[in-house]
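Asks: Handing you a structure now.
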Amino acid sequence: MSKKSTQVAIIGAGPAGLMLGHLLRQAGIEAVIIERQNQAHVLSRIRAGVLETVTTGILEQLDLAERMHAKGLPHSGVKLADGERLIRIDIEGLTGRTVMVYGQTELTRDLIDAAPYRDLEIIWEAEDVAVHDIESDAPCVKFTKDGIESRIEARFIAGCDGFHGVSRPAIPDSVGRPYEKVYPFGWLGVLADVPPCNHELIYANHANGFALASQRSLTRSRYYIQVPLTEKLEDWPDDRLWDELALRLGPDAAAHMTRGPALEKSIAPLRSFVFEPMHHGSLFLVGDAAHIVPPTGAKGLNLAASDVAYLSAALIAFFSENDSDAIATYSEKALARVWKAERFSWSLTMLMHRFPDDGVFDRRMQVAQLDYIASSEAAQMEIAENYVGLPL
Ligand code: FAS
Ligand code: PHB
């Protein structure tokens, strides 16, 4: 049995675990990350693309923002399309702030590459990870590494292990309350080394369904289309996918669209999910372990960052000043921001997708809301301030 102790045991080397681990080590707090996959697998996942200032701010605070500023694309606006028109939301003009287009993969790479130089230990390929004694002041994480049973004792455990992790299930059913909405469709995402069709993101509501034109750089694009949950990737050869994207995104996007071979294609289901509380005993839930949003609002990764901002400050206060107040209010503070982002992501999903059971009235409501957004600065401000990220 291999045994060690630390102050904070972090489960999961996704963005939440990595950002939290770095911030704690920067403050001189002992932390170890236990990750079940290997590094290549973590870096192979293609996920978020739009960073709020809460996320870019953490990279700045860690002095790990150099590559983001070199490769990332600051965006000052975003567009909504519905077949007839393109409505631009002037994010910067309305809020004074921008969002950063920089792939989650790149952010994860920056954090992983820096870990050895910041004395942040990441235990990769940990098997059978389990949390114990979370209702005590001496919880521990047990796992197997290279066939050796291992145990890490800690004062706190941060469950940064995503939606399918082991942390959330460790909270007793008598304590935890899940809230969930599952959408009757998924997103088929494609990555291709072609220049974007527009210098900004385009969210489109078309009769055939939703589409999104996003990007990773001036030479790499990321696109999505809404597909039924029964759809299979083999049903979508590249040509069919490019044709459908051109149709759904509208004539202007189609005229500027460059086609090319898919580097990656995947279908992700959409759900809204929140688990309360995000703190029980010595266990904290962070990021996707506690909440999931439909990616329509580009909030998933950014909510992980705001959870990390709240929890890192609370843990630093606890270990540096013996102050437990922020620990005690972490769940309440994090959930207040989570629910606002859940609402925004849900509302944009309802506005921009075609639901199988929608009737003509539902469609008229979508058209009326898009008319309102096109004609009202107040309506555009609501979108802008949520898209760029509400204050912490
Ligand atoms: P993550 O899921 O990223 O990381 C959890 C980590 O914990 C993983 O590395 C996992 O291997 C590890 N883990 C799990 N169980 C474990 C165990 N038992 N022991 C040890 N380790 C364990 N968000 C957006 O904003 N925009 C998007 O376009 C977008 N697209 C997405 C597409 C997909 C398919 C998915 C699944 C999510 C997408 N998201 C998107 C949301 C996504 O970016 C998350 O919000 C973000 O990864 C959250 O980061 P973490 O909370 O760190 O969770
Ligand atoms: C992406 O680039 O992957 C992306 C961007 C914005 C979203 C969702 C996904 O709302």
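Scheme for the structure tokens: letters A, B, ... for chains in order shown; per-chain residue numbers from 1; ligand numbers from 1 in order shown.
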Could you report the residues within 8 Å of ligand 2, using only C-alpha atoms and all ligand atoms, as a list of chain:residue names?
Replies: A:Ile46, A:Arg47, A:Ala48, A:Gly49, A:Val50, A:Val101, A:Gly103, A:Gly189, A:Leu201, A:Leu212, A:Ala213, A:Ser214, A:Gln215, A:Arg216, A:Arg222, A:Tyr223, A:Tyr224, A:Pro295, A:Thr296, A:Gly297, A:Ala298, A:Lys299
Asks: Tell me, as a VMD selection string, which residues lie within 7 Å of Ala253 in chain A, counting only C-alpha atoms; anything in the same chain fewer than 4 positions away does not count.
Replies: chain A and resid 197 to 198 246 249 257
Asks: Quick one: residues within 6 Å of ligand 1, with only C-alpha atoms and all ligand atoms, as a ChimeraX atom specification?
Replies: /A:11-17,34-37,42,47-49,129,160-162,164-166,268,287-289,295,298-301,304
Asks: Check the smallest atom-to-atom distance from each of A:Ser76, A:Gln61, A:Gln104, A:Thr53 to Ile91 in chain A using only C-alpha atoms, then report the winner.
Replies: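 Looking only at the distances to Ile91 in chain A, the closest residue turns out to be A:Ser76.
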Asks: Rank A:Ser136, A:Asn205, A:Asn386, A:Gln380 by their smallest atom-to-atom distance to Asp90 in chain A, using only C-alpha atoms, and report the top residue only.
Replies: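 Going through A:Ser136, A:Asn205, A:Asn386, A:Gln380 one by one, the smallest distance to Asp90 in chain A is for A:Gln380.
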Asks: Rank nothing, just name the residue among A:Thr230, A:Ser324, A:Gln369, A:Thr105 nearest to Ala40 in chain A, using only C-alpha atoms.
Replies: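 Closest to Ala40 in chain A, using only C-alpha atoms: A:Thr105.
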Asks: Nearest residue to Asn38 in chain A out of A:Arg118, A:Lys145, A:Glu52, A:Met278, using only C-alpha atoms?
Replies: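 Ranked by minimum distance to Asn38 in chain A, first place goes to A:Lys145.
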Asks: Taking the DSSP secondary structure from the backbone, can you list the residues of range 45-74 of chain A that are helix (DSSP H, G or I), as a list in words?
Replies: Thr53, Val54, Thr55, Thr56, Gly57, Ile58, Leu59, Glu60, Gln61, Glu66, Arg67, Met68, His69, Ala70 and Lys71 of chain A
Asks: What does the distance between CA of Glu106 in chain A and CA of Leu43 in chain A come to in Å, to one decimal place?
Replies: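 Result for CA of Glu106 in chain A versus CA of Leu43 in chain A: 8.2 Å, one decimal.
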Asks: Would you mind listing what lies within 8 Å of Glu121 in chain A as a list in words, with only C-alpha atoms counted and same-chain residues fewer than 4 positions away left out?
Replies: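 Residues near the query, excluding close chain neighbours: Ala31, Val32, Ile33, Ala115 and Pro116 of chain A.
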Asks: Hey, what's within 9 Å of range 231-237 of chain A if we count only C-alpha atoms and toss same-chain stuff fewer than 3 positions away? As a list in words, please?
Replies: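 Listing them by chain and then by number gives Gly186, Leu188, Val227, Pro228, Arg240, Leu241, Trp242, Lys265, Ser266 and Ile267 of chain A.
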Asks: Considering only C-alpha atoms, return as a list in words whatever protein or nucleic-acid residues lie within 10 Å of Gln26 in chain A, sequence-local ones (same chain, fewer than 3 positions apart) excluded.
Replies: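 Listing them by chain and then by number gives Leu20, Gly21, His22, Leu23, Ile29, Glu30, Gln61, Leu62, Arg118, Asp119 and Leu120 of chain A.
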Asks: Identify, with DSSP run on backbone atoms, the residues in range 173-208 of chain A assigned to strand (DSSP E or B), and express the list as JSON, numbers by chain.
Replies: {"A": [177, 178, 179, 180, 181, 182, 183, 184, 185, 186, 187, 188, 189, 190, 191, 192, 201, 202, 203, 204, 205, 206]}
Asks: For the interface of range 197-300 of chain A with range 315-318 of chain A (cut-off 12 Å, counting only C-alpha atoms), please tabulate each contacting residue of range 197-300 of chain A alongside its nearest pair of atoms and their separation in Å to one decimal, rows sorted by chain and increasing number, as JSON lines.
Replies:
```
{"residue": "A:Ser282", "atom": "CA", "partner": "A:Leu315", "partner_atom": "CA", "distance": 11.3}
{"residue": "A:Leu283", "atom": "CA", "partner": "A:Leu315", "partner_atom": "CA", "distance": 12.0}
{"residue": "A:Phe284", "atom": "CA", "partner": "A:Leu315", "partner_atom": "CA", "distance": 10.6}
```
Asks: What would the file look like if the residues just selected were written as a PDB file, in the first residue's frame with C-alpha atoms?
Replies:
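Once written, part_3.pdb looks like this:
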```
ATOM      1  CA  SER A 282     -14.849  17.740   3.561  1.00  0.00           C
ATOM      2  CA  LEU A 283     -15.889  17.223  -0.090  1.00  0.00           C
ATOM      3  CA  PHE A 284     -16.429  20.024  -2.610  1.00  0.00           C
TER       4      PHE A 284
END
```
Asks: Pick out the residues sitting within 9 Å of Leu247 in chain A, and hand them over as a PDB file with C-alpha atoms, in the first residue's frame; count only C-alpha atoms, and ignore anything fewer than 5 positions along from it in its own chain.
Replies:
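For reference, out-v5.pdb as written:
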```pdb
ATOM      1  CA  GLY A  83     -32.472  32.181 -42.318  1.00  0.00           C
ATOM      2  CA  HIS A 206     -32.964  27.050 -39.329  1.00  0.00           C
ATOM      3  CA  ASN A 208     -33.766  21.938 -40.366  1.00  0.00           C
ATOM      4  CA  TRP A 242     -20.760  20.722 -45.213  1.00  0.00           C
ATOM      5  CA  ALA A 254     -22.163  29.646 -47.086  1.00  0.00           C
TER       6      ALA A 254
END
```
Asks: Could you give me, as a PyMOL selection string, the residues within 12 Å of Thr95 in chain A, counting only C-alpha atoms and dropping anything in the same chain fewer than 2 positions from it?
Replies: chain A and resi 76-77+89-93+97-99+377-378+380-391
Asks: Write the residues of the selection above to a file with N, CA and C atoms, as a short mmCIF file (atom, residue, chain, number, x, y, z; two decimals), in the first residue's frame.
Replies:
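Just written: again_26.cif:
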```
data_model
loop_
_atom_site.label_atom_id
_atom_site.label_comp_id
_atom_site.auth_asym_id
_atom_site.auth_seq_id
_atom_site.Cartn_x
_atom_site.Cartn_y
_atom_site.Cartn_z
N SER A 76 -15.36 40.58 -30.17
CA SER A 76 -16.15 41.68 -29.60
C SER A 76 -17.63 41.57 -29.94
N GLY A 77 -17.98 40.53 -30.69
CA GLY A 77 -19.40 40.37 -31.02
C GLY A 77 -19.73 38.93 -31.36
N ILE A 89 -24.75 40.88 -32.09
CA ILE A 89 -24.77 41.37 -30.71
C ILE A 89 -23.40 41.99 -30.45
N ASP A 90 -23.38 43.30 -30.25
CA ASP A 90 -22.12 44.03 -30.07
C ASP A 90 -21.68 43.91 -28.62
N ILE A 91 -21.08 42.77 -28.29
CA ILE A 91 -20.72 42.46 -26.90
C ILE A 91 -19.85 43.57 -26.32
N GLU A 92 -18.81 43.94 -27.04
CA GLU A 92 -17.89 44.94 -26.48
C GLU A 92 -18.53 46.31 -26.39
N GLY A 93 -19.31 46.68 -27.40
CA GLY A 93 -19.98 47.99 -27.36
C GLY A 93 -20.97 48.08 -26.22
N ARG A 97 -16.54 44.67 -22.65
CA ARG A 97 -15.66 43.51 -22.49
C ARG A 97 -15.74 42.62 -23.75
N THR A 98 -14.77 41.71 -23.87
CA THR A 98 -14.77 40.78 -25.01
C THR A 98 -14.70 39.35 -24.47
N VAL A 99 -14.89 38.36 -25.33
CA VAL A 99 -14.62 36.97 -24.97
C VAL A 99 -13.38 36.53 -25.74
N GLU A 377 -32.09 47.27 -27.86
CA GLU A 377 -30.77 47.26 -27.24
C GLU A 377 -30.81 46.58 -25.88
N ALA A 378 -31.94 46.71 -25.18
CA ALA A 378 -32.08 46.07 -23.86
C ALA A 378 -32.02 44.54 -24.03
N GLN A 380 -30.59 42.96 -26.47
CA GLN A 380 -29.23 42.59 -26.87
C GLN A 380 -28.28 42.66 -25.68
N MET A 381 -28.52 43.60 -24.76
CA MET A 381 -27.68 43.70 -23.55
C MET A 381 -27.84 42.45 -22.69
N GLU A 382 -29.05 41.92 -22.62
CA GLU A 382 -29.26 40.71 -21.81
C GLU A 382 -28.40 39.57 -22.33
N ILE A 383 -28.36 39.46 -23.65
CA ILE A 383 -27.53 38.40 -24.24
C ILE A 383 -26.04 38.71 -24.03
N ALA A 384 -25.68 39.96 -24.29
CA ALA A 384 -24.26 40.34 -24.23
C ALA A 384 -23.68 40.13 -22.84
N GLU A 385 -24.42 40.60 -21.79
CA GLU A 385 -23.81 40.52 -20.45
C GLU A 385 -23.76 39.07 -19.94
N ASN A 386 -24.65 38.23 -20.40
CA ASN A 386 -24.57 36.81 -20.03
C ASN A 386 -23.51 36.09 -20.84
N TYR A 387 -23.39 36.43 -22.12
CA TYR A 387 -22.43 35.72 -22.96
C TYR A 387 -20.98 36.03 -22.53
N VAL A 388 -20.74 37.30 -22.18
CA VAL A 388 -19.37 37.71 -21.79
C VAL A 388 -19.07 37.27 -20.36
N GLY A 389 -20.14 36.91 -19.62
CA GLY A 389 -19.94 36.38 -18.26
C GLY A 389 -20.40 37.34 -17.19
N LEU A 390 -21.33 36.91 -16.36
CA LEU A 390 -21.81 37.75 -15.25
C LEU A 390 -20.70 37.88 -14.21
N PRO A 391 -20.72 38.94 -13.42
CA PRO A 391 -19.65 39.14 -12.43
C PRO A 391 -19.64 38.03 -11.38
#
```
